[in-house]
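Shown here: query.json, JSON, C-alpha atoms and all ligand atoms.
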[["chain", "number", "residue", "atom", "x", "y", "z"],
["K", 187, "MET", "CA", 16.48, 7.66, -11.74],
["K", 188, "ILE", "CA", 19.96, 8.75, -12.76],
["K", 189, "THR", "CA", 21.29, 11.77, -10.89],
["K", 190, "PRO", "CA", 22.40, 14.36, -13.46],
["K", 191, "GLY", "CA", 26.11, 15.03, -13.43],
["K", 192, "VAL", "CA", 27.27, 11.92, -11.56],
["K", 193, "ARG", "CA", 28.75, 10.27, -14.65],
["K", 194, "GLY", "CA", 30.21, 13.60, -15.76],
["K", 195, "GLN", "CA", 31.79, 14.21, -12.39],
["K", 196, "GLY", "CA", 33.44, 10.79, -12.37],
["K", 197, "SER", "CA", 34.99, 11.19, -15.78],
["K", 198, "TRP", "CA", 35.84, 14.83, -15.00],
["K", 199, "VAL", "CA", 37.83, 13.81, -11.88],
["K", 200, "ARG", "CA", 39.69, 11.08, -13.78],
["K", 201, "LYS", "CA", 40.56, 13.40, -16.65],
["K", 202, "GLN", "CA", 41.55, 16.17, -14.22],
["K", 203, "HIS", "CA", 44.14, 13.80, -12.69],
["K", 204, "LYS", "CA", 45.46, 12.98, -16.15],
["K", 205, "LEU", "CA", 45.71, 16.66, -17.04],
["K", 206, "ALA", "CA", 47.42, 17.46, -13.72],
["K", 207, "SER", "CA", 50.19, 14.96, -14.47],
["K", 208, "CYS", "CA", 50.40, 16.32, -18.03],
["K", 209, "ASN", "CA", 50.67, 19.84, -16.59],
["K", 210, "LYS", "CA", 53.76, 18.94, -14.50],
["K", 211, "SER", "CA", 55.69, 17.76, -17.56],
["K", 212, "SER", "CA", 54.81, 20.49, -20.05],
["K", 213, "GLY", "CA", 55.17, 23.60, -17.81],
["K", 214, "GLN", "CA", 53.26, 26.91, -17.80],
["K", 215, "ASN", "CA", 52.93, 27.13, -21.61],
["K", 216, "GLY", "CA", 50.53, 24.35, -21.56],
["K", 217, "SER", "CA", 48.11, 26.18, -19.22],
["K", 218, "ALA", "CA", 45.87, 27.49, -22.05],
["K", 219, "LEU", "CA", 45.71, 24.03, -23.53],
["K", 220, "ILE", "CA", 44.87, 22.57, -20.13],
["K", 221, "ILE", "CA", 42.02, 25.05, -19.61],
["K", 222, "THR", "CA", 40.69, 24.22, -23.10],
["K", 223, "LEU", "CA", 40.96, 20.51, -22.43],
["K", 224, "LEU", "CA", 39.27, 20.96, -19.05],
["K", 225, "LEU", "CA", 36.40, 22.78, -20.69],
["K", 226, "ILE", "CA", 36.08, 20.07, -23.34],
["K", 227, "THR", "CA", 36.18, 17.44, -20.62],
["K", 228, "ILE", "CA", 33.44, 19.14, -18.62],
["K", 229, "LEU", "CA", 31.35, 19.73, -21.74],
["K", 230, "THR", "CA", 31.82, 16.12, -22.89],
["K", 231, "GLY", "CA", 30.72, 14.93, -19.47],
["K", 232, "LEU", "CA", 27.63, 17.12, -19.60],
["K", 233, "VAL", "CA", 26.74, 15.97, -23.13],
["K", 234, "VAL", "CA", 27.13, 12.32, -22.18],
["K", 235, "ASP", "CA", 24.90, 12.88, -19.14],
["K", 236, "PHE", "CA", 22.36, 14.73, -21.24],
["K", 237, "VAL", "CA", 22.22, 12.04, -23.95],
["K", 238, "TYR", "CA", 21.99, 9.33, -21.29],
["K", 239, "GLU", "CA", 19.15, 11.15, -19.53],
["K", 240, "VAL", "CA", 17.26, 11.69, -22.80],
["K", 241, "TYR", "CA", 17.70, 8.02, -23.66],
["K", 242, "ILE", "CA", 16.36, 6.88, -20.26],
["K", 243, "ASP", "CA", 13.47, 9.36, -20.31],
["K", 244, "SER", "CA", 12.33, 8.49, -23.84],
["K", 245, "SER", "CA", 12.59, 4.79, -23.03],
["K", 246, "SER", "CA", 10.43, 5.32, -19.90],
["K", 247, "LEU", "CA", 8.03, 7.44, -21.93],
["K", 248, "SER", "CA", 7.78, 4.72, -24.56],
["K", 249, "ASN", "CA", 7.10, 2.06, -21.89],
["K", 250, "TRP", "CA", 4.51, 4.31, -20.28],
["K", 251, "GLY", "CA", 2.83, 4.86, -23.67],
["K", 252, "ASN", "CA", 2.79, 1.12, -24.39],
["K", 253, "ALA", "CA", 1.39, 0.42, -20.92],
["K", 254, "GLN", "CA", -1.38, 2.98, -21.44],
["K", 255, "ARG", "CA", -2.27, 1.50, -24.83],
["K", 256, "ALA", "CA", -2.23, -2.03, -23.39],
["K", 257, "SER", "CA", -4.48, -0.90, -20.53],
["K", 258, "PHE", "CA", -7.00, 0.67, -22.94],
["K", 259, "ILE", "CA", -6.99, -2.42, -25.18],
["K", 260, "ALA", "CA", -7.55, -4.69, -22.12],
["K", 261, "LYS", "CA", -10.49, -2.42, -21.12],
["K", 262, "SER", "CA", -11.86, -2.64, -24.68],
["K", 263, "GLY", "CA", -11.63, -6.43, -24.39],
["K", 264, "GLN", "CA", -13.72, -6.23, -21.22],
["K", 265, "ALA", "CA", -16.36, -4.10, -22.98],
["K", 266, "ILE", "CA", -16.48, -6.49, -25.97],
["K", 267, "SER", "CA", -16.86, -9.45, -23.59],
["K", 268, "ALA", "CA", -19.68, -7.74, -21.68],
["K", 269, "GLU", "CA", -21.49, -7.22, -24.99],
["K", 270, "PHE", "CA", -20.93, -10.87, -25.91],
["K", 271, "ILE", "CA", -22.33, -11.93, -22.52],
["K", 272, "ARG", "CA", -25.44, -9.77, -23.06],
["K", 273, "GLU", "CA", -26.00, -11.69, -26.30],
["K", 274, "ILE", "CA", -25.57, -15.21, -24.89],
["K", 275, "ASN", "CA", -27.76, -14.28, -21.91],
["K", 276, "LYS", "CA", -30.70, -14.11, -24.28],
["K", 277, "GLU", "CA", -30.51, -17.91, -24.56],
["K", 278, "THR", "CA", -32.43, -20.09, -22.09],
["K", 279, "TYR", "CA", -29.32, -22.09, -21.25],
["K", 280, "THR", "CA", -25.53, -21.65, -21.35],
["K", 281, "ASP", "CA", -23.70, -23.76, -23.88],
["K", 282, "LYS", "CA", -20.20, -24.60, -22.63],
["K", 283, "ARG", "CA", -18.92, -24.34, -26.18],
["K", 284, "GLU", "CA", -19.88, -20.66, -26.27],
["K", 285, "VAL", "CA", -17.91, -19.70, -23.18],
["K", 286, "GLU", "CA", -14.58, -20.75, -21.71],
["K", 287, "LEU", "CA", -12.81, -20.61, -25.04],
["K", 288, "PRO", "CA", -9.81, -18.29, -24.81],
["K", 289, "VAL", "CA", -9.71, -16.01, -27.87],
["K", 290, "THR", "CA", -6.40, -14.61, -29.05],
["K", 291, "GLN", "CA", -6.38, -11.67, -31.44],
["K", 292, "ASP", "CA", -3.03, -10.64, -32.93],
["K", 293, "PHE", "CA", -3.40, -7.14, -34.38],
["K", 294, "GLY", "CA", 0.16, -7.18, -35.72],
["K", 295, "THR", "CA", 2.83, -4.55, -34.91],
["K", 296, "GLY", "CA", 3.33, -6.05, -31.47],
["K", 297, "VAL", "CA", -0.29, -5.75, -30.31],
["K", 298, "ILE", "CA", -1.99, -8.90, -28.96],
["K", 299, "LEU", "CA", -5.25, -9.28, -27.03],
["K", 300, "ILE", "CA", -6.30, -12.47, -25.22],
["K", 301, "ILE", "CA", -9.85, -12.78, -23.89],
["K", 302, "LYS", "CA", -11.16, -15.53, -21.65],
["K", 303, "ILE", "CA", -14.75, -15.75, -20.41],
["K", 304, "GLU", "CA", -15.66, -18.28, -17.72],
["K", 305, "ASP", "CA", -18.94, -19.26, -16.13],
["K", 306, "GLU", "CA", -18.64, -18.73, -12.36],
["K", 307, "ASN", "CA", -21.62, -21.05, -11.89],
["K", 308, "ALA", "CA", -19.38, -23.88, -13.08],
["K", 309, "ARG", "CA", -17.55, -23.60, -9.76],
["K", 310, "PHE", "CA", -18.12, -24.23, -6.09],
["K", 311, "ASN", "CA", -18.77, -21.00, -4.18],
["K", 312, "VAL", "CA", -16.49, -21.07, -1.13],
["K", 313, "ASN", "CA", -18.53, -18.32, 0.55],
["K", 314, "SER", "CA", -21.57, -20.63, 0.55],
["K", 315, "LEU", "CA", -19.99, -22.55, 3.46],
["K", 316, "ILE", "CA", -21.34, -19.89, 5.80],
["K", 317, "TYR", "CA", -24.79, -18.32, 5.70],
["K", 318, "ALA", "CA", -25.17, -14.54, 5.85],
["K", 319, "ASN", "CA", -26.23, -14.91, 9.53],
["K", 320, "GLY", "CA", -22.87, -16.52, 10.35],
["K", 321, "LEU", "CA", -24.12, -20.09, 10.80],
["K", 322, "GLU", "CA", -22.54, -22.94, 8.87],
["K", 323, "ASN", "CA", -24.14, -24.46, 5.79],
["K", 324, "LYS", "CA", -23.77, -28.18, 6.50],
["K", 325, "ASP", "CA", -24.70, -29.21, 2.94],
["K", 326, "ALA", "CA", -22.10, -26.88, 1.45],
["K", 327, "ILE", "CA", -19.38, -28.11, 3.85],
["K", 328, "SER", "CA", -20.26, -31.69, 2.93],
["K", 329, "SER", "CA", -20.08, -30.80, -0.81],
["K", 330, "LEU", "CA", -16.69, -29.16, -0.43],
["K", 331, "LYS", "CA", -15.36, -32.18, 1.49],
["K", 332, "LYS", "CA", -16.46, -34.40, -1.37],
["K", 333, "LEU", "CA", -14.87, -32.11, -3.93],
["K", 334, "LEU", "CA", -11.56, -32.09, -2.00],
["K", 335, "GLU", "CA", -11.64, -35.88, -1.60],
["K", 336, "TYR", "CA", -12.13, -36.25, -5.33],
["K", 337, "LEU", "CA", -9.01, -34.10, -5.85],
["K", 338, "ASN", "CA", -7.05, -36.29, -3.37],
["K", 339, "ILE", "CA", -6.85, -33.47, -0.83],
["K", 340, "ASN", "CA", -7.57, -33.87, 2.89],
["K", 341, "PRO", "CA", -11.32, -33.09, 3.17],
["K", 342, "SER", "CA", -10.88, -31.51, 6.62],
["K", 343, "LEU", "CA", -9.53, -28.48, 4.76],
["K", 344, "ALA", "CA", -13.21, -27.59, 4.25],
["K", 345, "LEU", "CA", -13.46, -27.01, 8.02],
["K", 346, "ALA", "CA", -10.40, -24.75, 8.01],
["K", 347, "ILE", "CA", -11.98, -22.69, 5.22],
["K", 348, "ALA", "CA", -15.28, -22.50, 7.11],
["K", 349, "ASP", "CA", -13.43, -21.24, 10.22],
["K", 350, "TRP", "CA", -11.56, -18.69, 8.13],
["K", 351, "ILE", "CA", -14.87, -17.27, 6.91],
["K", 352, "ASP", "CA", -17.27, -17.65, 9.86],
["K", 353, "PRO", "CA", -17.52, -14.69, 12.27],
["K", 354, "ASP", "CA", -16.77, -16.64, 15.46],
["K", 355, "SER", "CA", -13.37, -17.71, 16.77],
["K", 356, "GLU", "CA", -14.19, -21.25, 17.82],
["K", 357, "PRO", "CA", -11.86, -23.55, 15.89],
["K", 358, "ARG", "CA", -13.16, -26.71, 14.22],
["K", 359, "LEU", "CA", -9.55, -27.87, 13.89],
["K", 360, "TYR", "CA", -6.40, -27.11, 15.88],
["K", 361, "ASN", "CA", -5.26, -23.58, 14.98],
["K", 362, "SER", "CA", -7.86, -23.15, 12.25],
["K", 363, "GLU", "CA", -8.99, -19.79, 13.67],
["K", 364, "ASN", "CA", -5.42, -18.50, 13.82],
["K", 365, "LEU", "CA", -5.35, -15.05, 12.10],
["K", 366, "ALA", "CA", -8.67, -15.92, 10.41],
["K", 367, "LYS", "CA", -10.40, -13.27, 8.32],
["K", 368, "ASN", "CA", -13.79, -14.09, 9.90],
["K", 369, "ASP", "CA", -15.51, -12.63, 6.87],
["K", 370, "PHE", "CA", -16.47, -13.62, 3.34],
["K", 371, "LEU", "CA", -13.73, -13.78, 0.72],
["K", 372, "TRP", "CA", -13.42, -11.07, -1.92],
["K", 373, "SER", "CA", -11.06, -13.01, -4.13],
["K", 374, "ILE", "CA", -10.17, -16.68, -4.53],
["K", 375, "ASP", "CA", -6.51, -15.70, -3.98],
["K", 376, "GLU", "CA", -7.31, -15.17, -0.29],
["K", 377, "LEU", "CA", -7.44, -18.96, 0.11],
["K", 378, "ARG", "CA", -3.64, -18.86, 0.07],
["K", 379, "PHE", "CA", -3.67, -17.23, 3.52],
["K", 380, "ILE", "CA", -5.37, -20.25, 5.08],
["K", 381, "GLU", "CA", -3.22, -22.70, 7.03],
["K", 382, "GLY", "CA", -2.81, -25.88, 4.97],
["K", 383, "ILE", "CA", -3.32, -24.31, 1.56],
["K", 384, "ASP", "CA", 0.08, -24.14, -0.09],
["K", 385, "LYS", "CA", 0.68, -23.28, -3.74],
["K", 386, "ASN", "CA", 0.33, -26.90, -4.82],
["K", 387, "ILE", "CA", -3.07, -27.31, -3.17],
["K", 388, "PHE", "CA", -4.22, -23.86, -4.30],
["K", 389, "ASP", "CA", -3.33, -24.69, -7.92],
["K", 390, "LYS", "CA", -5.33, -27.93, -7.63],
["K", 391, "ILE", "CA", -8.47, -26.44, -6.10],
["K", 392, "SER", "CA", -8.68, -22.90, -7.50],
["K", 393, "PRO", "CA", -9.96, -23.93, -11.00],
["K", 394, "TYR", "CA", -13.08, -25.30, -9.27],
["K", 395, "MET", "CA", -13.66, -22.49, -6.78],
["K", 396, "THR", "CA", -15.29, -19.09, -6.86],
["K", 397, "VAL", "CA", -16.30, -16.47, -4.31],
["K", 398, "SER", "CA", -19.02, -14.92, -6.47],
["K", 399, "GLY", "CA", -22.48, -15.80, -7.54],
["K", 400, "ASN", "CA", -25.60, -17.48, -6.28],
["K", 401, "SER", "CA", -23.89, -20.80, -5.36],
["K", 402, "ILE", "CA", -26.06, -22.69, -7.85],
["K", 403, "VAL", "CA", -24.04, -25.01, -10.09],
["K", 404, "ASN", "CA", -24.52, -24.94, -13.83],
["K", 405, "ILE", "CA", -24.67, -28.57, -15.00],
["K", 406, "ASN", "CA", -23.92, -27.42, -18.55],
["K", 407, "THR", "CA", -20.50, -26.02, -17.64],
["K", 408, "ALA", "CA", -19.32, -27.57, -14.34],
["K", 409, "GLU", "CA", -16.30, -29.88, -14.50],
["K", 410, "LEU", "CA", -16.23, -33.43, -13.11],
["K", 411, "PRO", "CA", -15.06, -32.62, -9.51],
["K", 412, "VAL", "CA", -17.82, -30.01, -9.07],
["K", 413, "LEU", "CA", -20.50, -32.34, -10.47],
["K", 414, "VAL", "CA", -19.32, -35.13, -8.14],
["K", 415, "SER", "CA", -19.63, -32.74, -5.15],
["K", 416, "LEU", "CA", -23.31, -32.03, -5.84],
["K", 417, "ASP", "CA", -24.71, -34.95, -3.84],
["K", 418, "ASN", "CA", -23.46, -37.63, -1.43],
["K", 419, "ASP", "CA", -24.60, -40.36, -3.83],
["K", 420, "MET", "CA", -23.11, -38.76, -6.92],
["K", 421, "THR", "CA", -20.44, -40.97, -8.45],
["K", 422, "GLU", "CA", -17.80, -40.24, -11.05],
["K", 423, "ILE", "CA", -19.69, -42.44, -13.53],
["K", 424, "LEU", "CA", -22.92, -40.46, -13.06],
["K", 425, "ALA", "CA", -21.04, -37.16, -13.42],
["K", 426, "LYS", "CA", -19.47, -38.47, -16.64],
["K", 427, "ASN", "CA", -22.94, -39.43, -17.89],
["K", 428, "ILE", "CA", -24.03, -35.81, -17.37],
["K", 429, "ILE", "CA", -21.01, -34.55, -19.32],
["K", 430, "ASP", "CA", -21.62, -37.06, -22.13],
["K", 431, "GLN", "CA", -25.21, -35.93, -22.47],
["K", 432, "ARG", "CA", -24.53, -32.19, -22.49],
["K", 433, "GLU", "CA", -21.85, -32.59, -25.14],
["K", 434, "SER", "CA", -24.56, -33.82, -27.51],
["K", 435, "TYR", "CA", -27.49, -31.84, -26.14],
["K", 436, "PRO", "CA", -26.95, -29.16, -23.48],
["K", 437, "PHE", "CA", -29.55, -29.26, -20.70],
["K", 438, "GLU", "CA", -32.37, -26.81, -21.34],
["K", 439, "ALA", "CA", -33.90, -27.11, -17.84],
["K", 440, "PRO", "CA", -32.54, -28.35, -14.46],
["K", 441, "GLY", "CA", -35.20, -31.06, -14.29],
["K", 442, "ASN", "CA", -33.84, -32.68, -17.46],
["K", 443, "VAL", "CA", -30.91, -34.06, -15.46],
["K", 444, "GLN", "CA", -33.32, -36.74, -14.20],
["K", 445, "ASN", "CA", -33.34, -38.19, -17.72],
["K", 446, "VAL", "CA", -29.64, -39.02, -17.46],
["K", 447, "SER", "CA", -29.00, -42.70, -16.85],
["K", 448, "GLY", "CA", -28.80, -43.35, -13.07],
["K", 449, "MET", "CA", -29.85, -39.81, -12.15],
["K", 450, "GLU", "CA", -33.57, -40.39, -11.67],
["K", 451, "THR", "CA", -33.55, -40.08, -7.84],
["K", 452, "ILE", "CA", -30.50, -37.86, -7.30],
["K", 453, "GLY", "CA", -31.79, -35.54, -10.03],
["K", 454, "GLN", "CA", -34.88, -34.81, -7.93],
["K", 455, "ARG", "CA", -32.73, -33.86, -4.93],
["K", 456, "LEU", "CA", -30.66, -31.52, -7.07],
["K", 457, "ILE", "CA", -33.57, -29.26, -7.96],
["K", 458, "GLY", "CA", -32.80, -25.87, -6.43],
["K", 459, "LYS", "CA", -29.05, -26.64, -6.28],
["K", 460, "ILE", "CA", -28.43, -26.67, -10.02],
["K", 461, "THR", "CA", -29.08, -24.46, -13.02],
["K", 462, "VAL", "CA", -28.57, -24.64, -16.78],
["K", 463, "LYS", "CA", -27.64, -21.01, -17.22],
["K", 464, "ALA", "CA", -24.77, -18.84, -16.03],
["K", 465, "SER", "CA", -25.58, -15.86, -13.83],
["K", 466, "ASN", "CA", -22.01, -14.70, -13.15],
["K", 467, "TYR", "CA", -19.10, -14.54, -15.54],
["K", 468, "ARG", "CA", -15.41, -14.02, -15.00],
["K", 469, "ILE", "CA", -13.75, -12.06, -17.80],
["K", 470, "THR", "CA", -9.98, -12.05, -18.09],
["K", 471, "THR", "CA", -8.39, -9.81, -20.72],
["K", 472, "ARG", "CA", -4.68, -9.56, -21.35],
["K", 473, "ALA", "CA", -3.29, -7.01, -23.80],
["K", 474, "THR", "CA", 0.31, -6.75, -24.92],
["K", 475, "VAL", "CA", 1.77, -3.74, -26.74],
["K", 476, "ASN", "CA", 5.43, -4.03, -27.69],
["K", 477, "GLU", "CA", 6.07, -6.56, -24.92],
["K", 478, "ILE", "CA", 4.39, -4.45, -22.22],
["K", 479, "THR", "CA", 1.38, -6.38, -20.85],
["K", 480, "ARG", "CA", -1.62, -5.22, -18.88],
["K", 481, "SER", "CA", -4.38, -7.52, -17.67],
["K", 482, "ILE", "CA", -7.84, -7.03, -16.22],
["K", 483, "GLU", "CA", -9.94, -9.58, -14.37],
["K", 484, "SER", "CA", -13.58, -8.88, -13.66],
["K", 485, "VAL", "CA", -16.72, -10.68, -12.53],
["K", 486, "ILE", "CA", -20.02, -9.42, -13.88],
["K", 487, "ASP", "CA", -23.51, -10.78, -13.42],
["K", 488, "SER", "CA", -26.22, -11.26, -16.01],
["K", 489, "SER", "CA", -27.64, -7.83, -15.10],
["K", 490, "ASP", "CA", -24.36, -6.19, -16.11],
["K", 491, "ARG", "CA", -23.35, -5.41, -12.51],
["K", 492, "ILE", "CA", -19.63, -5.57, -11.83],
["K", 493, "HIS", "CA", -18.81, -7.53, -8.66],
["K", 494, "PHE", "CA", -15.03, -7.61, -8.97],
["K", 495, "TRP", "CA", -12.46, -5.65, -10.94],
["K", 496, "ARG", "CA", -8.69, -6.03, -10.76],
["K", 497, "GLU", "CA", -6.08, -4.49, -13.04],
["K", 498, "GLY", "CA", -2.50, -5.60, -13.19],
["M", 1, "CA", "CA", -13.87, -17.78, 12.27]]

Re-express the file's structure as structure tokens.
Amino acid sequence: MITPGVRGQGSWVRKQHKLASCNKSSGQNGSALIITLLLITILTGLVVDFVYEVYIDSSSLSNWGNAQRASFIAKSGQAISAEFIREINKETYTDKREVELPVTQDFGTGVILIIKIEDENARFNVNSLIYANGLENKDAISSLKKLLEYLNINPSLALAIADWIDPDSEPRLYNSENLAKNDFLWSIDELRFIEGIDKNIFDKISPYMTVSGNSIVNINTAELPVLVSLDNDMTEILAKNIIDQRESYPFEAPGNVQNVSGMETIGQRLIGKITVKASNYRITTRATVNEITRSIESVIDSSDRIHFWREG
């Protein structure tokens, strides 16, 4: 914030010096003129300060107003999305084409709203590595290793993540309990704190990870790396077969995956691990008003409960 009078004082001092030198040359007769000029100088300084302050304050006020409007529009986007989710929840299965399509609405006059809805069941739940009683979930660790391998990332990172979450301090890898949270993750961003997860690795893995939901993978929405991680015998070709099928006809029941070519046996093992319907959604809304942007990220379940809410 600008301190009132500072600019005025600076110019006042400079002009006072000028007037002092002027005073020496013109003698006592000039004293009335000098006083007048001094007054004008002081007044000019005050006016400049005042105008400057008003300019700064109204600019801040305008930014604040735009930020408030953007925040309300982002919240409206969340409410609209929740309503949309209530509608698609009436279906027996989730069609990928209905979610995960970013929608951009330009209202004109500098107002833009972007909405993105994602199925959290399309992702691997990192918290599933550890059971609620603190013991490790061997199947989930094995799945995550497979997912990381598919992404060309060292699969032992799964052990570091398990150590970060589990309540004990016995490291599976050297240093993997160092500063560990020893609790479940609230946000996927927390993965960045784990030794070995730099920005590059985080950017590679985060699109396939979640910390919310029932840890059951939706075969109608999951991407290739998540489908590959579902079973030890799952290959890229089989996962592609699943994607090919759902693009023509989304799966209406988990058991239908056994009808996919090559999935007869694996499909049986997947019962209980897969679903055809989303139960948790991530809603991201981003509103811009005159170049001021506010965004909201939330996770809600199919019963309308909010599990996560972050404004920025
Ligand atoms: Ca631990």

Quick one: residues within 9 Å of ligand CA 1 (chain M), with all atoms listed in the file, as a ChimeraX atom specification?
/K:346-357,362-369

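Shortest separation to Arg272 of chain K among K:Ser401, K:Asn307, K:Asn466, K:Thr474 occurs at residue K:Asn466, atoms counted being all atoms listed in the file.
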
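Between Ile301 of chain K and the candidates K:Ala326, K:Ile482, K:Leu321, K:Ile428, the tightest atom-to-atom separation, counting only C-alpha atoms, involves K:Ile482.
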
Counting all atoms listed in the file, figure out which residue out of K:Val443, K:Ala473, K:Val297, K:Ile391 gets nearest to Asn340 of chain K.
K:Ile391

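Note that the spacing between atom CA of Ala318 of chain K and atom CA of Leu330 of chain K amounts to 18.0 Å.
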
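Residue nearest Ile266 of chain K within the list K:Asn476, K:Thr470, K:Gln454, K:Asp419: K:Thr470 [criterion: smallest interatomic distance, only C-alpha atoms].
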
Determine, counting all atoms listed in the file, which protein, DNA and RNA residues have an atom within 9 Å of an atom of Ala268 of chain K; residues of the same chain fewer than 5 positions away are not included. Present the result as a PyMOL selection string.
chain K and resi 263+273+469+486+490

With distances taken over all atoms listed in the file, which residue among K:Glu269, K:Asp281, K:Asp305, K:Glu497 lies nearest Tyr394 of chain K?
K:Asp305

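If only C-alpha atoms are the atoms counted, then among K:Thr479, K:Ser484, K:Phe388, K:Ala425 the closest residue to Ala256 of chain K is K:Thr479.
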
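We find atom CA of Tyr336 of chain K and atom CA of Asn386 of chain K to be spaced 15.6 Å apart.
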
Which residues come within 6 Å of Leu299 of chain K, counting all atoms listed in the file, excluding same-chain residues fewer than 2 positions away, as a ChimeraX atom specification?
/K:290-291,472-473

So the first atom is atom CA of Leu416 of chain K and the second is atom CA of Leu456 of chain K; what is the distance between them in Å, to one decimal place?
7.5 Å

Which residues come within 10 Å of Lys332 of chain K, counting all atoms listed in the file, excluding same-chain residues fewer than 3 positions away, as an MDAnalysis selection string?
chainID K and resid 326:329 335:341 344 411:412 414:418 420
